[in-house]
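File shown: entry.cif (mmCIF, C-alpha atoms and all ligand atoms).
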data_entry
#
loop_
_atom_site.group_PDB
_atom_site.id
_atom_site.type_symbol
_atom_site.label_atom_id
_atom_site.label_comp_id
_atom_site.auth_asym_id
_atom_site.auth_seq_id
_atom_site.Cartn_x
_atom_site.Cartn_y
_atom_site.Cartn_z
ATOM 1 C CA THR A 21 102.579 86.612 102.020
ATOM 2 C CA GLU A 22 103.399 83.004 102.740
ATOM 3 C CA ARG A 23 105.806 80.418 101.373
ATOM 4 C CA THR A 24 105.467 76.698 100.695
ATOM 5 C CA LEU A 25 107.762 73.874 99.653
ATOM 6 C CA VAL A 26 106.652 71.981 96.583
ATOM 7 C CA LEU A 27 108.080 68.840 95.039
ATOM 8 C CA ILE A 28 107.381 67.616 91.544
ATOM 9 C CA LYS A 29 107.973 63.993 92.408
ATOM 10 C CA PRO A 30 110.020 61.619 90.195
ATOM 11 C CA ASP A 31 106.887 60.452 88.344
ATOM 12 C CA GLY A 32 106.147 64.052 87.360
ATOM 13 C CA VAL A 33 109.646 64.565 85.962
ATOM 14 C CA ALA A 34 109.652 61.159 84.221
ATOM 15 C CA ARG A 35 106.284 61.907 82.623
ATOM 16 C CA ARG A 36 107.564 65.342 81.464
ATOM 17 C CA PHE A 37 104.966 67.300 83.437
ATOM 18 C CA VAL A 38 107.380 69.868 84.892
ATOM 19 C CA GLY A 39 106.243 72.587 82.491
ATOM 20 C CA GLU A 40 102.570 71.621 82.841
ATOM 21 C CA ILE A 41 102.725 71.762 86.647
ATOM 22 C CA LEU A 42 104.804 74.964 86.870
ATOM 23 C CA GLY A 43 102.467 76.511 84.295
ATOM 24 C CA ARG A 44 99.493 75.861 86.564
ATOM 25 C CA VAL A 45 101.423 77.392 89.479
ATOM 26 C CA GLU A 46 102.188 80.504 87.450
ATOM 27 C CA ARG A 47 98.636 80.825 86.107
ATOM 28 C CA LYS A 48 97.345 80.677 89.684
ATOM 29 C CA GLY A 49 99.510 83.694 90.488
ATOM 30 C CA LEU A 50 102.060 82.141 92.821
ATOM 31 C CA SER A 51 105.704 83.202 92.513
ATOM 32 C CA ILE A 52 108.510 80.671 92.096
ATOM 33 C CA THR A 53 111.295 81.940 94.350
ATOM 34 C CA ALA A 54 113.555 78.849 94.332
ATOM 35 C CA LEU A 55 113.723 75.996 91.849
ATOM 36 C CA GLU A 56 116.091 73.065 91.582
ATOM 37 C CA LEU A 57 116.292 69.668 89.895
ATOM 38 C CA LYS A 58 117.827 67.136 92.233
ATOM 39 C CA THR A 59 117.820 63.487 93.178
ATOM 40 C CA ALA A 60 116.862 62.881 96.795
ATOM 41 C CA ASP A 61 119.113 60.605 98.822
ATOM 42 C CA GLU A 62 117.781 58.297 101.549
ATOM 43 C CA ALA A 63 118.575 60.794 104.321
ATOM 44 C CA ILE A 64 116.673 63.745 102.884
ATOM 45 C CA ALA A 65 113.755 61.505 101.861
ATOM 46 C CA ALA A 66 113.506 59.971 105.334
ATOM 47 C CA THR A 67 113.617 63.389 107.004
ATOM 48 C CA HIS A 68 111.056 64.843 104.615
ATOM 49 C CA TYR A 69 108.616 61.987 105.289
ATOM 50 C CA ALA A 70 109.546 61.393 108.957
ATOM 51 C CA GLU A 71 105.886 61.783 110.013
ATOM 52 C CA HIS A 72 105.025 58.626 108.030
ATOM 53 C CA GLU A 73 107.724 56.394 109.550
ATOM 54 C CA GLY A 74 106.166 53.087 110.576
ATOM 55 C CA ARG A 75 103.271 53.287 108.109
ATOM 56 C CA PRO A 76 103.004 50.304 105.743
ATOM 57 C CA PHE A 77 103.563 52.507 102.690
ATOM 58 C CA TYR A 78 106.680 54.234 104.109
ATOM 59 C CA PRO A 79 109.422 51.970 102.660
ATOM 60 C CA GLY A 80 107.832 52.090 99.209
ATOM 61 C CA LEU A 81 107.409 55.845 99.497
ATOM 62 C CA LEU A 82 111.145 56.321 100.215
ATOM 63 C CA GLU A 83 112.039 54.029 97.326
ATOM 64 C CA PHE A 84 109.768 55.996 94.996
ATOM 65 C CA ILE A 85 110.899 59.458 96.065
ATOM 66 C CA THR A 86 114.603 58.519 95.651
ATOM 67 C CA SER A 87 114.040 56.691 92.343
ATOM 68 C CA GLY A 88 115.017 59.541 90.028
ATOM 69 C CA PRO A 89 115.299 63.276 89.658
ATOM 70 C CA LEU A 90 112.632 65.494 91.189
ATOM 71 C CA VAL A 91 112.013 69.220 91.139
ATOM 72 C CA ALA A 92 112.053 71.077 94.453
ATOM 73 C CA ALA A 93 110.606 74.575 94.565
ATOM 74 C CA VAL A 94 109.677 77.342 96.964
ATOM 75 C CA LEU A 95 106.476 79.153 96.023
ATOM 76 C CA GLU A 96 105.398 82.446 97.515
ATOM 77 C CA GLY A 97 102.140 84.378 97.580
ATOM 78 C CA PRO A 98 99.060 85.082 99.675
ATOM 79 C CA ARG A 99 97.869 81.807 101.236
ATOM 80 C CA ALA A 100 100.484 79.937 99.165
ATOM 81 C CA ILE A 101 100.200 76.752 101.257
ATOM 82 C CA ALA A 102 96.453 76.295 100.764
ATOM 83 C CA ALA A 103 96.599 77.641 97.219
ATOM 84 C CA PHE A 104 99.068 74.996 96.094
ATOM 85 C CA ARG A 105 97.211 72.216 97.906
ATOM 86 C CA GLN A 106 94.085 73.296 96.034
ATOM 87 C CA LEU A 107 96.005 73.093 92.752
ATOM 88 C CA ALA A 108 97.388 69.650 93.712
ATOM 89 C CA GLY A 109 94.096 68.079 94.798
ATOM 90 C CA GLY A 110 93.662 65.402 97.466
ATOM 91 C CA THR A 111 96.232 62.676 98.042
ATOM 92 C CA ASP A 112 94.324 59.962 96.158
ATOM 93 C CA PRO A 113 93.994 61.161 92.556
ATOM 94 C CA VAL A 114 90.770 59.220 91.990
ATOM 95 C CA GLU A 115 88.948 59.161 95.323
ATOM 96 C CA LYS A 116 89.918 62.559 96.737
ATOM 97 C CA ALA A 117 91.332 64.963 94.153
ATOM 98 C CA VAL A 118 88.697 67.157 92.515
ATOM 99 C CA PRO A 119 88.577 67.419 88.720
ATOM 100 C CA GLY A 120 90.679 70.308 87.495
ATOM 101 C CA SER A 121 93.430 69.617 90.019
ATOM 102 C CA ILE A 122 96.876 68.343 89.040
ATOM 103 C CA ARG A 123 96.354 64.925 90.607
ATOM 104 C CA ALA A 124 92.804 64.417 89.326
ATOM 105 C CA ASP A 125 93.698 65.489 85.811
ATOM 106 C CA LEU A 126 97.056 63.765 85.427
ATOM 107 C CA ALA A 127 97.428 60.867 87.892
ATOM 108 C CA LEU A 128 95.804 57.587 88.921
ATOM 109 C CA ASP A 129 97.990 56.212 91.684
ATOM 110 C CA GLY A 130 97.792 56.939 95.432
ATOM 111 C CA GLN A 131 101.574 56.907 95.757
ATOM 112 C CA GLN A 132 102.766 58.212 92.388
ATOM 113 C CA ASN A 133 100.636 61.345 92.608
ATOM 114 C CA LEU A 134 103.008 63.826 90.949
ATOM 115 C CA VAL A 135 103.405 66.525 93.588
ATOM 116 C CA HIS A 136 103.966 67.361 97.226
ATOM 117 C CA GLY A 137 103.020 70.611 98.928
ATOM 118 C CA SER A 138 103.613 71.601 102.556
ATOM 119 C CA ASP A 139 100.502 71.309 104.743
ATOM 120 C CA SER A 140 101.150 74.069 107.322
ATOM 121 C CA VAL A 141 103.417 77.033 108.029
ATOM 122 C CA GLU A 142 105.469 74.867 110.396
ATOM 123 C CA SER A 143 105.874 72.084 107.796
ATOM 124 C CA ALA A 144 106.739 74.630 105.123
ATOM 125 C CA GLU A 145 109.526 76.166 107.203
ATOM 126 C CA ARG A 146 110.878 72.733 108.155
ATOM 127 C CA GLU A 147 110.775 71.513 104.548
ATOM 128 C CA ILE A 148 112.285 74.703 103.088
ATOM 129 C CA ALA A 149 115.169 74.414 105.576
ATOM 130 C CA LEU A 150 115.625 70.783 104.520
ATOM 131 C CA TRP A 151 115.597 71.264 100.725
ATOM 132 C CA PHE A 152 116.993 74.814 100.548
ATOM 133 C CA PRO A 153 119.182 75.295 103.643
ATOM 134 C CA HIS A 154 120.287 78.765 102.521
ATOM 135 C CA LEU A 155 116.627 79.905 102.681
ATOM 136 C CA ALA A 156 116.048 78.747 106.276
ATOM 137 C CA ARG A 157 114.627 81.356 108.642
ATOM 138 C CA GLY A 158 115.253 81.649 112.365
HETATM 139 P P1 LIG A 201 102.255 65.068 100.119
HETATM 140 O O1 LIG A 201 102.740 65.050 101.568
HETATM 141 O O2 LIG A 201 103.148 64.301 99.195
HETATM 142 O O3 LIG A 201 101.837 66.424 99.632
HETATM 143 P P2 LIG A 201 99.680 64.489 100.995
HETATM 144 O O4 LIG A 201 99.918 65.508 102.048
HETATM 145 O O5 LIG A 201 98.530 64.644 100.088
HETATM 146 O O6 LIG A 201 100.913 64.267 100.097
HETATM 147 P P3 LIG A 201 100.261 62.419 102.944
HETATM 148 O O7 LIG A 201 99.197 61.738 103.662
HETATM 149 O O8 LIG A 201 101.141 63.379 103.665
HETATM 150 O O9 LIG A 201 99.590 63.063 101.644
HETATM 151 O O10 LIG A 201 101.163 61.303 102.270
HETATM 152 C C1 LIG A 201 102.397 61.633 101.713
HETATM 153 C C2 LIG A 201 102.615 60.858 100.456
HETATM 154 O O11 LIG A 201 102.746 59.467 100.768
HETATM 155 C C3 LIG A 201 101.457 60.904 99.442
HETATM 156 O O12 LIG A 201 101.481 62.044 98.634
HETATM 157 C C4 LIG A 201 101.694 59.621 98.664
HETATM 158 O O13 LIG A 201 102.741 59.776 97.710
HETATM 159 C C5 LIG A 201 102.148 58.674 99.757
HETATM 160 N N1 LIG A 201 101.022 57.937 100.343
HETATM 161 C C6 LIG A 201 100.132 58.407 101.255
HETATM 162 N N2 LIG A 201 99.243 57.488 101.584
HETATM 163 C C7 LIG A 201 99.557 56.384 100.849
HETATM 164 C C8 LIG A 201 99.017 55.074 100.735
HETATM 165 N N3 LIG A 201 97.960 54.691 101.450
HETATM 166 N N4 LIG A 201 99.617 54.223 99.881
HETATM 167 C C9 LIG A 201 100.710 54.586 99.163
HETATM 168 N N5 LIG A 201 101.272 55.800 99.236
HETATM 169 C C10 LIG A 201 100.711 56.698 100.057
#

Could you take the file, read its structure, and then write that structure out as C-alpha cells?
Ligand code: ATP
Amino acid sequence: TERTLVLIKPDGVARRFVGEILGRVERKGLSITALELKTADEAIAATHYAEHEGRPFYPGLLEFITSGPLVAAVLEGPRAIAAFRQLAGGTDPVEKAVPGSIRADLALDGQQNLVHGSDSVESAEREIALWFPHLARG
C-alpha cells in the first residue's frame, strides 16, 4: 500500500466540491486516513510549492493557495499516488486533463484547478510531514 497527500484547493472548497471530490476518491477505492479543513499560511504554502520558486506563476500560486480554506487529506491504497493523479487529470483542465477526471469535468483554469496530489513517494512523504506532522515517518 502507498500513501499520498491531496489538497482540495481553495477554489474547490469555495465551489462546494468537497463532497464531489471525496466521493470520487471513495468510489475509486482509496481510503481517507487523515482529513482536515485549514487555511494555509505563507510559510506552509511556500514550502509546499518550493519546487516552483522563481517561476512566473509562483507569486500568484501562493496568493491563491492561501486565499481561503482548503482541505488537506492523506489517502491510502495500492498505487495511491498514481491513482489519485489519474482521478485529478493533467494540470491544465482543458489542454491536458482527460474527460472524466476531476479537472476536466469541473475546472477551466490552469491555476485554479481544484486539487493537488503528490507526484512521487518522496514528495508524498515530504508533503505528509508538512501538512500532518504527527503522521511523518522516519
Ligand atoms: P499539483 O502540484 O497542484 O498537483 P500539478 O502537479 O498538476 O499540480 P505542477 O506543475 O506541479 O502541476 O504545478 C503546481 C500547481 O501550480 C498547478 O496545479 C497549478 O495550480 C499551478 N500552475 C502550474 N503551472 C501553472 C501556470 N503555467 N500558470 C498558472 N498556474 C500554474

- [ ] Find, counting only C-alpha atoms and all ligand atoms, the residue in A:Pro30, A:Pro89, A:Gly49, A:Gly43 that gets nearest to ligand LIG 201 (chain A).
- [x] A:Pro30

Open item on the list: For this structure, which residues satisfy the selection - the PyMOL selection byres (((not hetatm)) within 10 of (chain A and resi 201)) - when it is evaluated on the file as given? I want them as a count of residues only.
Closed with: 42

- [ ] Can you work out which one of A:Asp125, A:Glu115, A:Glu142, A:Glu96 has the shortest atom-to-atom distance to Leu55 in chain A, counting only C-alpha atoms?
- [x]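 So, comparing all the options, the nearest one is A:Glu96.
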
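Atom to atom, CA of Arg23 in chain A and CA of Glu56 in chain A stand 16.0 Å apart.
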
Open item on the list: So the first atom is CA of Thr21 in chain A and the second is CA of Ala66 in chain A; what is the distance between them in Å, to one decimal place?
Closed with: 29.0 Å

- [ ] Tell me, in Å to one decimal, how far CA of Ser87 in chain A is from CA of Thr59 in chain A.
- [x]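 Straight-line distance from CA of Ser87 in chain A to CA of Thr59 in chain A works out to 7.8 Å.
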
Open item on the list: Calculated over all atoms listed in the file, which of the candidates A:Val91, A:His154, A:Ala103, A:Ala60 has the smallest distance to Gly39 in chain A?
Closed with: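 Selected residue with least distance to Gly39 in chain A: A:Val91.
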
- [ ] Choose the residue, out of A:Ala65, A:Val118, A:Ala54, A:Leu155, that has the smallest atom-to-atom separation from Glu83 in chain A; count only C-alpha atoms.
- [x] A:Ala65

TODO: Give as a list in words each residue that has an atom at most 10 Å from (120.2, 68.5, 103.4) in the file, counting all atoms listed in the file.
DONE: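 The distance filter leaves exactly Ala60, Asp61, Ala63, Ile64, Ala65, Thr67, His68, Glu147, Ala149, Leu150, Trp151, Phe152 and Pro153 of chain A.
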
Open item on the list: Counting all atoms listed in the file, which residue out of A:Arg35, A:Arg157, A:Arg146, A:Arg44 sits closest to Gln106 in chain A?
Closed with: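 Using all atoms listed in the file, the shortest distance to Gln106 in chain A belongs to A:Arg44.
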
Task: Residue with smallest distance to Leu126 in chain A - pool A:Ile52, A:Leu107, A:Leu57, A:Ala144, counting all atoms listed in the file - done: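 Checking each candidate against Leu126 in chain A, we get A:Leu107 as the closest.
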
Which neighbours of Thr53 in chain A fall inside 9 Å, counting only C-alpha atoms, when residues of the same chain fewer than 4 positions from it are skipped, and could you give them as a PDB file with C-alpha atoms, keeping the file's coordinate frame?
ATOM      1  CA  ALA A  93     110.606  74.575  94.565  1.00  0.00           C
ATOM      2  CA  VAL A  94     109.677  77.342  96.964  1.00  0.00           C
ATOM      3  CA  LEU A  95     106.476  79.153  96.023  1.00  0.00           C
ATOM      4  CA  GLU A  96     105.398  82.446  97.515  1.00  0.00           C
TER       5      GLU A  96
END
